[in-house]
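The file coords_14.pdb comes next; it holds PDB, C-alpha atoms, pLDDT in the B column.
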MODEL        1
ATOM      1  CA  MET B   1     -98.043 108.825  -8.636  1.00 93.00           C
ATOM      2  CA  ASN B   2     -96.063 112.075  -8.695  1.00 96.00           C
ATOM      3  CA  GLN B   3     -94.046 113.764  -5.928  1.00 97.00           C
ATOM      4  CA  TYR B   4     -97.004 115.759  -4.619  1.00 96.00           C
ATOM      5  CA  GLU B   5     -99.188 112.645  -4.416  1.00 96.00           C
ATOM      6  CA  ALA B   6     -96.352 110.801  -2.659  1.00 96.00           C
ATOM      7  CA  ILE B   7     -96.628 113.295   0.228  1.00 96.00           C
ATOM      8  CA  SER B   8     -99.825 111.566   1.363  1.00 94.00           C
ATOM      9  CA  TYR B   9     -98.639 107.996   0.909  1.00 95.00           C
ATOM     10  CA  ARG B  10     -94.938 107.944   1.747  1.00 95.00           C
ATOM     11  CA  ARG B  11     -93.890 106.344   5.035  1.00 94.00           C
ATOM     12  CA  SER B  12     -90.486 105.779   6.642  1.00 94.00           C
ATOM     13  CA  VAL B  13     -89.068 102.383   5.659  1.00 96.00           C
ATOM     14  CA  ARG B  14     -86.554 100.798   8.039  1.00 96.00           C
ATOM     15  CA  LYS B  15     -86.380  97.241   6.675  1.00 97.00           C
ATOM     16  CA  PHE B  16     -84.957  96.749   3.199  1.00 98.00           C
ATOM     17  CA  ASP B  17     -84.665  94.051   0.579  1.00 96.00           C
ATOM     18  CA  PHE B  18     -81.083  94.115  -0.730  1.00 97.00           C
ATOM     19  CA  THR B  19     -82.149  93.468  -4.332  1.00 97.00           C
ATOM     20  CA  PRO B  20     -80.089  95.906  -6.458  1.00 98.00           C
ATOM     21  CA  VAL B  21     -81.878  98.771  -8.152  1.00 98.00           C
ATOM     22  CA  PRO B  22     -81.784  98.156 -11.939  1.00 98.00           C
ATOM     23  CA  GLU B  23     -79.192 100.182 -13.832  1.00 97.00           C
ATOM     24  CA  ALA B  24     -81.845 101.979 -15.898  1.00 98.00           C
ATOM     25  CA  LEU B  25     -83.667 103.170 -12.789  1.00 98.00           C
ATOM     26  CA  MET B  26     -80.434 104.192 -11.060  1.00 98.00           C
ATOM     27  CA  LYS B  27     -79.601 106.337 -14.088  1.00 97.00           C
ATOM     28  CA  LYS B  28     -82.935 108.103 -13.663  1.00 98.00           C
ATOM     29  CA  VAL B  29     -82.200 108.645  -9.964  1.00 98.00           C
ATOM     30  CA  ASN B  30     -78.789 110.139 -10.754  1.00 97.00           C
ATOM     31  CA  ARG B  31     -80.345 112.360 -13.407  1.00 97.00           C
ATOM     32  CA  PHE B  32     -82.888 113.600 -10.873  1.00 97.00           C
ATOM     33  CA  VAL B  33     -80.035 114.475  -8.495  1.00 97.00           C
ATOM     34  CA  GLN B  34     -78.551 116.715 -11.191  1.00 95.00           C
ATOM     35  CA  GLU B  35     -81.913 118.461 -11.676  1.00 95.00           C
ATOM     36  CA  LEU B  36     -82.574 119.214  -7.993  1.00 95.00           C
ATOM     37  CA  SER B  37     -83.559 122.755  -7.037  1.00 91.00           C
ATOM     38  CA  PRO B  38     -81.926 124.149  -3.868  1.00 95.00           C
ATOM     39  CA  TRP B  39     -83.803 126.329  -1.411  1.00 96.00           C
ATOM     40  CA  ASN B  40     -80.827 128.677  -1.080  1.00 95.00           C
ATOM     41  CA  ARG B  41     -78.893 129.051  -4.328  1.00 93.00           C
ATOM     42  CA  GLU B  42     -75.983 130.815  -2.632  1.00 93.00           C
ATOM     43  CA  ALA B  43     -75.037 127.825  -0.472  1.00 93.00           C
ATOM     44  CA  ASP B  44     -72.692 125.172  -1.879  1.00 95.00           C
ATOM     45  CA  TRP B  45     -73.917 121.589  -1.796  1.00 96.00           C
ATOM     46  CA  LYS B  46     -73.253 118.111  -3.105  1.00 95.00           C
ATOM     47  CA  LEU B  47     -75.352 114.950  -3.033  1.00 96.00           C
ATOM     48  CA  GLU B  48     -73.767 111.516  -3.357  1.00 96.00           C
ATOM     49  CA  ILE B  49     -75.238 108.012  -3.595  1.00 97.00           C
ATOM     50  CA  LEU B  50     -73.330 105.292  -1.737  1.00 97.00           C
ATOM     51  CA  ASP B  51     -73.819 101.690  -2.866  1.00 97.00           C
ATOM     52  CA  ASN B  52     -74.132  99.348   0.116  1.00 97.00           C
ATOM     53  CA  ILE B  53     -75.300  96.195  -1.669  1.00 97.00           C
ATOM     54  CA  ASN B  54     -72.118  94.474  -0.450  1.00 95.00           C
ATOM     55  CA  LYS B  55     -72.564  96.091   3.002  1.00 93.00           C
ATOM     56  CA  ARG B  56     -69.281  97.961   2.797  1.00 93.00           C
ATOM     57  CA  ALA B  57     -70.427 101.574   2.604  1.00 95.00           C
ATOM     58  CA  PRO B  58     -68.642 103.785   5.184  1.00 95.00           C
ATOM     59  CA  ILE B  59     -71.808 104.721   7.087  1.00 96.00           C
ATOM     60  CA  GLY B  60     -72.012 104.394  10.852  1.00 94.00           C
ATOM     61  CA  GLY B  61     -73.656 105.914  13.899  1.00 92.00           C
ATOM     62  CA  PHE B  62     -76.222 105.129  16.578  1.00 89.00           C
ATOM     63  CA  GLY B  63     -79.294 103.337  15.296  1.00 90.00           C
ATOM     64  CA  VAL B  64     -78.360 103.537  11.632  1.00 95.00           C
ATOM     65  CA  VAL B  65     -80.647 101.471   9.414  1.00 96.00           C
ATOM     66  CA  HIS B  66     -78.942  98.881   7.201  1.00 96.00           C
ATOM     67  CA  ALA B  67     -79.926  99.667   3.630  1.00 98.00           C
ATOM     68  CA  PRO B  68     -78.629  98.817   0.150  1.00 98.00           C
ATOM     69  CA  TYR B  69     -78.068 102.493  -0.678  1.00 98.00           C
ATOM     70  CA  TYR B  70     -77.514 105.790   1.105  1.00 98.00           C
ATOM     71  CA  LEU B  71     -77.988 109.374  -0.025  1.00 98.00           C
ATOM     72  CA  VAL B  72     -75.440 111.669   1.607  1.00 97.00           C
ATOM     73  CA  PHE B  73     -76.029 115.421   1.511  1.00 97.00           C
ATOM     74  CA  TYR B  74     -72.927 117.581   1.870  1.00 96.00           C
ATOM     75  CA  GLY B  75     -73.043 121.275   2.684  1.00 95.00           C
ATOM     76  CA  GLU B  76     -71.844 123.876   5.163  1.00 92.00           C
ATOM     77  CA  ARG B  77     -73.125 123.469   8.705  1.00 90.00           C
ATOM     78  CA  VAL B  78     -74.946 126.781   8.707  1.00 91.00           C
ATOM     79  CA  LYS B  79     -78.634 127.687   8.512  1.00 91.00           C
ATOM     80  CA  GLU B  80     -78.663 127.913   4.710  1.00 94.00           C
ATOM     81  CA  GLY B  81     -76.833 124.619   4.224  1.00 95.00           C
ATOM     82  CA  LEU B  82     -79.074 122.720   6.648  1.00 95.00           C
ATOM     83  CA  GLU B  83     -82.272 124.100   5.124  1.00 96.00           C
ATOM     84  CA  ASN B  84     -80.996 123.046   1.696  1.00 97.00           C
ATOM     85  CA  ALA B  85     -80.372 119.550   3.043  1.00 97.00           C
ATOM     86  CA  GLY B  86     -83.996 119.165   4.140  1.00 97.00           C
ATOM     87  CA  TYR B  87     -85.457 120.858   1.069  1.00 98.00           C
ATOM     88  CA  MET B  88     -83.470 118.845  -1.462  1.00 98.00           C
ATOM     89  CA  LEU B  89     -83.444 115.491   0.298  1.00 98.00           C
ATOM     90  CA  GLU B  90     -87.223 115.612   0.663  1.00 98.00           C
ATOM     91  CA  GLN B  91     -87.455 116.097  -3.104  1.00 98.00           C
ATOM     92  CA  MET B  92     -85.336 112.961  -3.457  1.00 98.00           C
ATOM     93  CA  VAL B  93     -87.323 110.986  -0.873  1.00 98.00           C
ATOM     94  CA  LEU B  94     -90.620 111.724  -2.615  1.00 98.00           C
ATOM     95  CA  TYR B  95     -89.159 110.990  -6.052  1.00 98.00           C
ATOM     96  CA  LEU B  96     -87.782 107.636  -4.868  1.00 98.00           C
ATOM     97  CA  THR B  97     -91.196 106.801  -3.406  1.00 98.00           C
ATOM     98  CA  THR B  98     -92.781 107.320  -6.833  1.00 98.00           C
ATOM     99  CA  LYS B  99     -90.303 104.732  -8.185  1.00 98.00           C
ATOM    100  CA  GLY B 100     -91.251 102.077  -5.615  1.00 98.00           C
ATOM    101  CA  LEU B 101     -88.247 102.666  -3.363  1.00 98.00           C
ATOM    102  CA  GLY B 102     -88.445 103.118   0.397  1.00 98.00           C
ATOM    103  CA  CYS B 103     -86.519 105.749   2.366  1.00 97.00           C
ATOM    104  CA  CYS B 104     -85.686 106.737   5.913  1.00 97.00           C
ATOM    105  CA  TYR B 105     -83.849 109.801   7.275  1.00 96.00           C
ATOM    106  CA  GLN B 106     -80.817 108.866   9.391  1.00 95.00           C
ATOM    107  CA  GLY B 107     -80.314 111.727  11.830  1.00 90.00           C
ATOM    108  CA  CYS B 108     -77.472 110.058  13.764  1.00 90.00           C
ATOM    109  CA  ALA B 109     -75.589 108.676  10.747  1.00 94.00           C
ATOM    110  CA  ARG B 110     -72.081 109.771   9.848  1.00 92.00           C
ATOM    111  CA  VAL B 111     -69.644 109.052   7.048  1.00 94.00           C
ATOM    112  CA  LEU B 112     -66.761 107.077   8.538  1.00 92.00           C
ATOM    113  CA  GLY B 113     -63.250 108.289   7.778  1.00 86.00           C
ATOM    114  CA  GLU B 114     -64.607 111.300   5.920  1.00 80.00           C
ATOM    115  CA  LYS B 115     -61.847 113.335   4.260  1.00 76.00           C
ATOM    116  CA  ARG B 116     -62.764 116.141   1.902  1.00 74.00           C
ATOM    117  CA  THR B 117     -60.695 118.834   0.260  1.00 67.00           C
ATOM    118  CA  ASP B 118     -63.540 121.358   0.366  1.00 79.00           C
ATOM    119  CA  SER B 119     -65.457 122.963   3.248  1.00 83.00           C
ATOM    120  CA  LEU B 120     -68.510 120.744   2.879  1.00 93.00           C
ATOM    121  CA  LYS B 121     -69.572 118.348   5.619  1.00 92.00           C
ATOM    122  CA  ALA B 122     -72.029 115.455   5.619  1.00 95.00           C
ATOM    123  CA  LEU B 123     -75.202 117.072   6.982  1.00 95.00           C
ATOM    124  CA  MET B 124     -77.769 114.298   6.536  1.00 96.00           C
ATOM    125  CA  VAL B 125     -78.003 110.702   5.326  1.00 97.00           C
ATOM    126  CA  VAL B 126     -81.069 108.996   3.859  1.00 98.00           C
ATOM    127  CA  ALA B 127     -81.250 105.198   3.609  1.00 98.00           C
ATOM    128  CA  PHE B 128     -83.082 103.854   0.569  1.00 98.00           C
ATOM    129  CA  GLY B 129     -83.805 100.752  -1.467  1.00 98.00           C
ATOM    130  CA  TYR B 130     -86.581  98.266  -2.133  1.00 98.00           C
ATOM    131  CA  PRO B 131     -88.697  97.832   1.013  1.00 98.00           C
ATOM    132  CA  ALA B 132     -88.879  94.483   2.783  1.00 97.00           C
ATOM    133  CA  ARG B 133     -92.297  95.496   4.095  1.00 90.00           C
ATOM    134  CA  ARG B 134     -95.028  97.771   2.826  1.00 92.00           C
ATOM    135  CA  LEU B 135     -93.956 100.935   1.058  1.00 94.00           C
ATOM    136  CA  LEU B 136     -96.986 103.192   1.405  1.00 93.00           C
ATOM    137  CA  ARG B 137     -99.424 104.392   4.051  1.00 86.00           C
ATOM    138  CA  ASP B 138    -102.814 106.061   4.135  1.00 81.00           C
ATOM    139  CA  GLY B 139    -102.260 109.784   4.647  1.00 73.00           C
ATOM    140  CA  ALA B 140    -105.577 110.050   6.456  1.00 74.00           C
ATOM    141  CA  VAL B 141    -104.214 108.066   9.402  1.00 74.00           C
ATOM    142  CA  ALA B 142    -100.746 109.650   9.547  1.00 80.00           C
ATOM    143  CA  LYS B 143     -99.685 110.511  13.098  1.00 84.00           C
ATOM    144  CA  ARG B 144     -99.641 114.289  12.765  1.00 89.00           C
ATOM    145  CA  HIS B 145    -101.105 117.194  14.734  1.00 86.00           C
ATOM    146  CA  PRO B 146    -104.387 118.455  13.253  1.00 91.00           C
ATOM    147  CA  LEU B 147    -104.278 121.779  11.424  1.00 91.00           C
ATOM    148  CA  LYS B 148    -106.177 123.454  14.272  1.00 92.00           C
ATOM    149  CA  GLU B 149    -103.124 122.844  16.501  1.00 93.00           C
ATOM    150  CA  LEU B 150    -100.596 123.970  13.895  1.00 96.00           C
ATOM    151  CA  CYS B 151    -102.430 127.044  12.594  1.00 96.00           C
ATOM    152  CA  ILE B 152    -103.907 130.309  13.750  1.00 95.00           C
ATOM    153  CA  PHE B 153    -106.500 131.329  11.169  1.00 96.00           C
ATOM    154  CA  LYS B 154    -106.760 135.111  10.980  1.00 96.00           C
ATOM    155  CA  GLU B 155    -108.962 134.899   7.880  1.00 94.00           C
ATOM    156  CA  GLU B 156    -110.841 132.154   6.060  1.00 91.00           C
ATOM    157  CA  ALA B 157    -108.407 130.338   3.786  1.00 91.00           C
ATOM    158  CA  GLY B 158    -109.455 129.095   0.358  1.00 90.00           C
ATOM    159  CA  GLU B 159    -109.183 125.500  -0.778  1.00 92.00           C
ATOM    160  CA  GLU B 160    -105.905 126.158  -2.621  1.00 93.00           C
ATOM    161  CA  LEU B 161    -104.236 127.512   0.512  1.00 95.00           C
ATOM    162  CA  LYS B 162    -105.691 124.673   2.600  1.00 94.00           C
ATOM    163  CA  SER B 163    -104.074 122.174   0.207  1.00 96.00           C
ATOM    164  CA  VAL B 164    -100.711 123.827   0.891  1.00 97.00           C
ATOM    165  CA  LEU B 165    -101.317 123.558   4.642  1.00 97.00           C
ATOM    166  CA  TYR B 166    -102.349 119.912   4.311  1.00 95.00           C
ATOM    167  CA  ALA B 167     -99.061 119.140   2.550  1.00 96.00           C
ATOM    168  CA  ALA B 168     -97.153 121.023   5.269  1.00 97.00           C
ATOM    169  CA  ARG B 169     -98.965 119.077   7.983  1.00 96.00           C
ATOM    170  CA  LEU B 170     -97.753 115.757   6.525  1.00 95.00           C
ATOM    171  CA  ALA B 171     -94.090 116.805   6.422  1.00 96.00           C
ATOM    172  CA  PRO B 172     -91.807 114.445   8.384  1.00 93.00           C
ATOM    173  CA  SER B 173     -89.665 115.841  11.191  1.00 92.00           C
ATOM    174  CA  ALA B 174     -87.138 114.575  13.732  1.00 87.00           C
ATOM    175  CA  PHE B 175     -88.965 112.534  16.398  1.00 84.00           C
ATOM    176  CA  ASN B 176     -92.182 113.624  14.629  1.00 87.00           C
ATOM    177  CA  SER B 177     -91.866 116.899  16.572  1.00 88.00           C
ATOM    178  CA  GLN B 178     -93.606 119.096  13.961  1.00 92.00           C
ATOM    179  CA  PRO B 179     -91.860 122.253  15.224  1.00 92.00           C
ATOM    180  CA  TRP B 180     -93.531 124.588  12.694  1.00 94.00           C
ATOM    181  CA  ARG B 181     -96.563 126.796  13.216  1.00 96.00           C
ATOM    182  CA  PHE B 182     -98.571 128.859  10.714  1.00 97.00           C
ATOM    183  CA  VAL B 183    -100.498 132.119  10.892  1.00 97.00           C
ATOM    184  CA  VAL B 184    -102.973 131.984   8.029  1.00 97.00           C
ATOM    185  CA  TYR B 185    -104.629 134.767   6.077  1.00 96.00           C
ATOM    186  CA  LYS B 186    -106.759 134.622   2.935  1.00 93.00           C
ATOM    187  CA  ASN B 187    -103.807 134.637   0.537  1.00 93.00           C
ATOM    188  CA  LYS B 188    -100.731 134.127   2.717  1.00 96.00           C
ATOM    189  CA  ILE B 189     -99.177 131.962   5.392  1.00 97.00           C
ATOM    190  CA  HIS B 190     -96.616 133.280   7.879  1.00 97.00           C
ATOM    191  CA  ILE B 191     -94.315 130.360   8.766  1.00 97.00           C
ATOM    192  CA  PHE B 192     -92.761 130.043  12.233  1.00 96.00           C
ATOM    193  CA  VAL B 193     -90.675 127.427  14.044  1.00 94.00           C
ATOM    194  CA  ARG B 194     -90.131 126.765  17.734  1.00 90.00           C
ATOM    195  CA  LYS B 195     -87.012 128.311  19.204  1.00 88.00           C
ATOM    196  CA  LYS B 196     -83.991 126.076  19.672  1.00 78.00           C
ATOM    197  CA  SER B 197     -83.767 123.880  22.725  1.00 71.00           C
ATOM    198  CA  LEU B 198     -80.589 123.702  24.820  1.00 58.00           C
ATOM    199  CA  LEU B 199     -79.387 120.609  22.908  1.00 59.00           C
ATOM    200  CA  GLU B 200     -79.987 122.366  19.612  1.00 64.00           C
ATOM    201  CA  LYS B 201     -78.032 125.397  20.771  1.00 58.00           C
ATOM    202  CA  LEU B 202     -75.144 123.032  21.560  1.00 52.00           C
ATOM    203  CA  GLY B 203     -75.093 121.882  17.942  1.00 58.00           C
ATOM    204  CA  MET B 204     -77.418 118.859  18.019  1.00 55.00           C
ATOM    205  CA  SER B 205     -80.065 120.502  15.852  1.00 71.00           C
ATOM    206  CA  MET B 206     -82.374 119.062  13.225  1.00 87.00           C
ATOM    207  CA  ARG B 207     -84.500 122.190  13.264  1.00 90.00           C
ATOM    208  CA  GLU B 208     -83.246 123.773  10.041  1.00 93.00           C
ATOM    209  CA  ILE B 209     -83.422 120.454   8.186  1.00 94.00           C
ATOM    210  CA  ASN B 210     -87.037 120.114   9.381  1.00 94.00           C
ATOM    211  CA  ILE B 211     -87.730 123.606   8.040  1.00 95.00           C
ATOM    212  CA  GLY B 212     -86.329 122.682   4.632  1.00 97.00           C
ATOM    213  CA  ILE B 213     -88.590 119.620   4.491  1.00 97.00           C
ATOM    214  CA  VAL B 214     -91.808 121.512   5.251  1.00 97.00           C
ATOM    215  CA  LEU B 215     -90.920 124.257   2.750  1.00 98.00           C
ATOM    216  CA  CYS B 216     -90.429 121.564   0.107  1.00 98.00           C
ATOM    217  CA  HIS B 217     -93.933 120.191   0.778  1.00 98.00           C
ATOM    218  CA  MET B 218     -95.475 123.636   0.503  1.00 98.00           C
ATOM    219  CA  GLN B 219     -93.659 124.376  -2.740  1.00 97.00           C
ATOM    220  CA  LEU B 220     -94.748 121.082  -4.296  1.00 97.00           C
ATOM    221  CA  ALA B 221     -98.366 121.716  -3.275  1.00 97.00           C
ATOM    222  CA  ALA B 222     -98.274 125.141  -4.927  1.00 96.00           C
ATOM    223  CA  GLU B 223     -96.733 123.746  -8.118  1.00 96.00           C
ATOM    224  CA  GLU B 224     -99.270 120.916  -8.280  1.00 96.00           C
ATOM    225  CA  GLN B 225    -102.087 123.458  -8.340  1.00 94.00           C
ATOM    226  CA  TRP B 226    -100.306 125.754 -10.822  1.00 94.00           C
ATOM    227  CA  LEU B 227    -100.322 128.536  -8.256  1.00 93.00           C
ATOM    228  CA  PHE B 228     -98.228 131.665  -8.663  1.00 91.00           C
ATOM    229  CA  ALA B 229     -96.724 131.726  -5.170  1.00 93.00           C
ATOM    230  CA  THR B 230     -93.655 133.231  -3.510  1.00 95.00           C
ATOM    231  CA  PHE B 231     -91.683 132.714  -0.320  1.00 96.00           C
ATOM    232  CA  ALA B 232     -90.317 135.976   1.076  1.00 96.00           C
ATOM    233  CA  PRO B 233     -89.867 137.332   4.626  1.00 95.00           C
ATOM    234  CA  GLU B 234     -91.877 140.380   5.636  1.00 95.00           C
ATOM    235  CA  ASP B 235     -89.992 143.035   7.601  1.00 93.00           C
ATOM    236  CA  LYS B 236     -92.871 143.832   9.961  1.00 92.00           C
ATOM    237  CA  ILE B 237     -93.082 140.170  10.995  1.00 92.00           C
ATOM    238  CA  ARG B 238     -89.317 139.686  11.140  1.00 88.00           C
ATOM    239  CA  GLU B 239     -89.043 142.571  13.621  1.00 86.00           C
ATOM    240  CA  LEU B 240     -91.385 140.924  16.138  1.00 85.00           C
ATOM    241  CA  ASN B 241     -89.720 139.676  19.324  1.00 82.00           C
ATOM    242  CA  MET B 242     -91.409 136.378  20.197  1.00 86.00           C
ATOM    243  CA  LYS B 243     -90.562 134.265  23.239  1.00 86.00           C
ATOM    244  CA  LYS B 244     -91.299 130.806  21.836  1.00 90.00           C
ATOM    245  CA  MET B 245     -91.139 131.112  18.049  1.00 93.00           C
ATOM    246  CA  ASP B 246     -88.756 132.242  15.322  1.00 93.00           C
ATOM    247  CA  TYR B 247     -90.128 133.633  12.086  1.00 96.00           C
ATOM    248  CA  ILE B 248     -88.970 131.854   8.927  1.00 96.00           C
ATOM    249  CA  THR B 249     -90.697 133.376   5.909  1.00 97.00           C
ATOM    250  CA  THR B 250     -94.085 134.067   4.348  1.00 97.00           C
ATOM    251  CA  PHE B 251     -95.804 132.043   1.633  1.00 97.00           C
ATOM    252  CA  SER B 252     -97.948 134.346  -0.524  1.00 96.00           C
ATOM    253  CA  LEU B 253    -100.368 133.664  -3.363  1.00 90.00           C
ATOM    254  CA  LYS B 254    -100.397 136.156  -6.196  1.00 80.00           C
ATOM    255  CA  THR B 255    -103.981 136.916  -7.167  1.00 68.00           C
ATOM    256  CA  ASP B 256    -103.455 139.702  -9.749  1.00 62.00           C
TER     257      ASP B 256
ENDMDL
END

Could you spell out this file's structure in structure tokens?
Amino acid sequence: MNQYEAISYRRSVRKFDFTPVPEALMKKVNRFVQELSPWNREADWKLEILDNINKRAPIGGFGVVHAPYYLVFYGERVKEGLENAGYMLEQMVLYLTTKGLGCCYQGCARVLGEKRTDSLKALMVVAFGYPARRLLRDGAVAKRHPLKELCIFKEEAGEELKSVLYAARLAPSAFNSQPWRFVVYKNKIHIFVRKKSLLEKLGMSMREINIGIVLCHMQLAAEEQWLFATFAPEDKIRELNMKKMDYITTFSLKTD
């Protein structure tokens, strides 16, 4: 199973077996961290793995899952940093799934006593380790909105583009809110997200992290099919003034 295939089968794991991950596998995980591709290359980031086998890792917060390991993503608390957190952590989550390890995003987690000499802050924590219960699910029964609720089809999309949309549909999001919407043409997808709620405007937002996650799924689906695809905003769409949605970017297939 590769990362793209893991999109269909990965489920959130909240109960863990505290058996340590073998050293050889942990080396592979650390190597994968070094090879991660950010969504925004201008934003500084750092990803650390905290060992909690002895249950002493400095992770706290409401409803935090007890796990043998935690991934902590550090970045600047701005749009670019938060999107990177979702985009890169989802790469990690899917990779860990392919290695038989379970994961769960911890939206309320914090690093206790955090003191850093740089400007980076802990933006998101992912719990991981060997699952105490089942690791995988059947993607066909995932609790997600159907594509007809997420998409407006302006033109008939081909099977390649539909595969990208299917991967986007299965992307996890905070409270399974699925805040993204898609306007679909033959060779492109305009990507939108619901405007921020009052709580999100006050700084309690997972929206940009959710965006990073869905963009990761779309990118992996394109790569799996060897598609020449780009993400780039279109000025004519960006200039639209919409009441309920914000425009993110456009996914385009190159057919030349």

Just so the selection is clear, what residues does the PyMOL selection byres ((chain B and resi 67) around 10) cover here, as a PDB file with C-alpha atoms, in the frame of the given file?
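Printed below is expr.pdb as written:
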ATOM      1  CA  VAL B  13     -89.068 102.383   5.659  1.00 96.00           C
ATOM      2  CA  ARG B  14     -86.554 100.798   8.039  1.00 96.00           C
ATOM      3  CA  LYS B  15     -86.380  97.241   6.675  1.00 97.00           C
ATOM      4  CA  PHE B  16     -84.957  96.749   3.199  1.00 98.00           C
ATOM      5  CA  ASP B  17     -84.665  94.051   0.579  1.00 96.00           C
ATOM      6  CA  PHE B  18     -81.083  94.115  -0.730  1.00 97.00           C
ATOM      7  CA  ASP B  51     -73.819 101.690  -2.866  1.00 97.00           C
ATOM      8  CA  ASN B  52     -74.132  99.348   0.116  1.00 97.00           C
ATOM      9  CA  ILE B  53     -75.300  96.195  -1.669  1.00 97.00           C
ATOM     10  CA  LYS B  55     -72.564  96.091   3.002  1.00 93.00           C
ATOM     11  CA  ALA B  57     -70.427 101.574   2.604  1.00 95.00           C
ATOM     12  CA  VAL B  64     -78.360 103.537  11.632  1.00 95.00           C
ATOM     13  CA  VAL B  65     -80.647 101.471   9.414  1.00 96.00           C
ATOM     14  CA  HIS B  66     -78.942  98.881   7.201  1.00 96.00           C
ATOM     15  CA  PRO B  68     -78.629  98.817   0.150  1.00 98.00           C
ATOM     16  CA  TYR B  69     -78.068 102.493  -0.678  1.00 98.00           C
ATOM     17  CA  TYR B  70     -77.514 105.790   1.105  1.00 98.00           C
ATOM     18  CA  GLY B 102     -88.445 103.118   0.397  1.00 98.00           C
ATOM     19  CA  CYS B 103     -86.519 105.749   2.366  1.00 97.00           C
ATOM     20  CA  CYS B 104     -85.686 106.737   5.913  1.00 97.00           C
ATOM     21  CA  VAL B 126     -81.069 108.996   3.859  1.00 98.00           C
ATOM     22  CA  ALA B 127     -81.250 105.198   3.609  1.00 98.00           C
ATOM     23  CA  PHE B 128     -83.082 103.854   0.569  1.00 98.00           C
ATOM     24  CA  GLY B 129     -83.805 100.752  -1.467  1.00 98.00           C
ATOM     25  CA  TYR B 130     -86.581  98.266  -2.133  1.00 98.00           C
ATOM     26  CA  PRO B 131     -88.697  97.832   1.013  1.00 98.00           C
TER      27      PRO B 131
END

(message) Using all atoms listed in the file, can you tell me which of B:Phe192, B:Phe182, B:Phe228, B:Trp39 comes closest to B:Lys79?
(response) B:Trp39

(request) Might you pull out every residue within 6 Å of stretch 242-245 of chain B, with only C-alpha atoms counted and same-chain residues fewer than 6 positions away left off, and present them as a list in words? (result) Val193, Arg194 and Lys195 of chain B

(message) Here is a test: counting all atoms listed in the file, which residue of B:Lys186, B:Arg169, B:Lys254, B:Arg31 is nearest to B:Met92?
(response)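 Checking each of B:Lys186, B:Arg169, B:Lys254, B:Arg31 against B:Met92, counting all atoms listed in the file, the winner is B:Arg31.
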
(request) Please write the residues picked by the PyMOL selection byres ((chain B and resi 35) around 12) on this file as a VMD selection string. (result) chain B and resid 28 to 34 36 to 38 47 88 91 to 92 95

(request) With a distance cut-off of 7 Å and only C-alpha atoms, select the neighbouring residues of B:Arg110, excluding the residue or stretch itself and same-chain residues fewer than 6 positions from it, and output the selection as a ChimeraX atom specification. (result) /B:59-61

On this structure, which residues satisfy the PyMOL selection byres ((chain B and resi 86) around 8), written as a PDB file with C-alpha atoms, in the coordinates of the input?
ATOM      1  CA  LEU B  82     -79.074 122.720   6.648  1.00 95.00           C
ATOM      2  CA  GLU B  83     -82.272 124.100   5.124  1.00 96.00           C
ATOM      3  CA  ASN B  84     -80.996 123.046   1.696  1.00 97.00           C
ATOM      4  CA  ALA B  85     -80.372 119.550   3.043  1.00 97.00           C
ATOM      5  CA  TYR B  87     -85.457 120.858   1.069  1.00 98.00           C
ATOM      6  CA  MET B  88     -83.470 118.845  -1.462  1.00 98.00           C
ATOM      7  CA  LEU B  89     -83.444 115.491   0.298  1.00 98.00           C
ATOM      8  CA  GLU B  90     -87.223 115.612   0.663  1.00 98.00           C
ATOM      9  CA  GLU B 208     -83.246 123.773  10.041  1.00 93.00           C
ATOM     10  CA  ILE B 209     -83.422 120.454   8.186  1.00 94.00           C
ATOM     11  CA  ASN B 210     -87.037 120.114   9.381  1.00 94.00           C
ATOM     12  CA  ILE B 211     -87.730 123.606   8.040  1.00 95.00           C
ATOM     13  CA  GLY B 212     -86.329 122.682   4.632  1.00 97.00           C
ATOM     14  CA  ILE B 213     -88.590 119.620   4.491  1.00 97.00           C
ATOM     15  CA  CYS B 216     -90.429 121.564   0.107  1.00 98.00           C
TER      16      CYS B 216
END
